[in-house]
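K.L.:
Supplied structure: data_25.cif, mmCIF, C-alpha atoms.
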data_run
#
loop_
_atom_site.label_atom_id
_atom_site.label_comp_id
_atom_site.auth_asym_id
_atom_site.auth_seq_id
_atom_site.Cartn_x
_atom_site.Cartn_y
_atom_site.Cartn_z
CA MET A 1 97.67 -183.50 -21.09
CA GLU A 2 95.88 -186.34 -19.38
CA ASN A 3 92.21 -186.92 -20.18
CA PRO A 4 90.26 -186.00 -17.01
CA PHE A 5 87.27 -188.10 -18.06
CA LYS A 6 89.29 -191.30 -17.73
CA LYS A 7 89.64 -190.56 -14.00
CA ILE A 8 85.87 -190.59 -13.45
CA PHE A 9 84.40 -193.90 -12.38
CA GLU A 10 81.19 -195.16 -13.92
CA HIS A 11 78.83 -194.21 -11.09
CA GLN A 12 80.44 -190.97 -9.96
CA GLU A 13 79.14 -187.55 -10.83
CA VAL A 14 81.29 -185.16 -12.82
CA PRO A 15 82.77 -182.33 -10.74
CA LYS A 16 80.89 -179.08 -11.34
CA VAL A 17 84.07 -177.15 -12.13
CA LEU A 18 85.05 -179.61 -14.84
CA LYS A 19 81.52 -179.70 -16.25
CA GLU A 20 81.35 -175.89 -16.41
CA LYS A 21 84.75 -175.70 -18.10
CA VAL A 22 83.78 -178.25 -20.76
CA LEU A 23 80.43 -176.55 -21.41
CA ASN A 24 82.12 -173.13 -21.65
CA ASP A 25 84.66 -174.51 -24.12
CA VAL A 26 81.92 -176.07 -26.23
CA GLY A 27 79.99 -172.79 -26.17
CA MET A 28 83.06 -170.85 -27.28
CA ILE A 29 83.67 -173.28 -30.12
CA LYS A 30 80.05 -172.93 -31.29
CA LEU A 31 80.30 -169.13 -31.14
CA THR A 32 83.53 -169.17 -33.12
CA LEU A 33 81.99 -171.40 -35.78
CA ASP A 34 78.92 -169.15 -36.03
CA VAL A 35 81.05 -166.03 -36.46
CA ALA A 36 83.24 -167.74 -39.04
CA ASP A 37 80.14 -168.94 -40.91
CA LEU A 38 78.71 -165.43 -40.88
CA PHE A 39 81.77 -163.74 -42.34
CA VAL A 40 83.09 -166.50 -44.59
CA VAL A 41 79.88 -167.96 -46.05
CA LYS A 42 76.85 -165.78 -45.49
CA TYR A 43 78.31 -162.28 -45.95
CA PRO A 44 79.90 -162.98 -49.37
CA SER A 45 76.75 -164.81 -50.46
CA THR A 46 74.57 -161.88 -49.42
CA MET A 47 76.80 -159.35 -51.14
CA GLY A 48 76.82 -161.48 -54.29
CA SER A 49 73.03 -161.66 -54.25
CA ILE A 50 72.70 -157.90 -53.77
CA LEU A 51 75.09 -157.13 -56.60
CA THR A 52 73.41 -159.65 -58.91
CA LEU A 53 69.97 -158.19 -58.19
CA ASN A 54 71.29 -154.69 -58.78
CA GLU A 55 72.79 -155.71 -62.14
CA LYS A 56 69.53 -157.38 -63.19
CA LYS A 57 67.54 -154.24 -62.36
CA GLU A 58 69.90 -152.05 -64.37
CA THR A 59 69.65 -154.28 -67.43
CA LYS A 60 65.82 -154.35 -67.29
CA LYS A 61 65.45 -150.54 -67.17
CA PRO A 62 64.16 -149.10 -70.44
CA LYS A 63 66.63 -146.91 -72.26
CA LYS A 64 65.92 -143.18 -72.29
CA LYS A 65 65.49 -141.50 -75.66
#
Would you mind writing the file out in structure tokens?

P.N.:
Amino acid sequence: MENPFKKIFEHQEVPKVLKEKVLNDVGMIKLTLDVADLFVVKYPSTMGSILTLNEKKETKKPKKK
């Protein structure tokens, strides 16, 4: 595929359709990265923290007689 930005001369404005398409693509990439970060990094980290806190609470409870 040919790079459409090489067709644009130095003092010409970018066509609105092309600008919208590029901005939409960038937005979709950012959204995809945010979703991936949420499920791959933050969710396991949160679950690990919750489980670790739960284990610490259980070990600190006094034993019943």

K.L.:
Box for segment 40-49 of chain A - axis-aligned, 5 Å on each of the six sides, all listed atoms - centre and size in Å to one decimal, as JSON.

P.N.:
{"center_x": 78.1, "center_y": -163.7, "center_z": -49.4, "size_x": 20.1, "size_y": 18.6, "size_z": 19.7}

K.L.:
Can you work out the spacing between atom CA of Glu2 of chain A and atom CA of Asp34 of chain A in Å, to one decimal?

P.N.:
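Separating atom CA of Glu2 of chain A from atom CA of Asp34 of chain A is a distance of 29.3 Å.
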
K.L.:
Enter the distance from atom CA of Lys16 of chain A to atom CA of Met1 of chain A, in Å, rounded to one decimal.

P.N.:
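Computed distance, atom CA of Lys16 of chain A to atom CA of Met1 of chain A, equals 19.9 Å.
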
K.L.:
Figure out the distance between atom CA of Lys42 of chain A and atom CA of Thr59 of chain A, please, to one decimal in Å.

P.N.:
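Between these atoms lies a distance of 25.8 Å.
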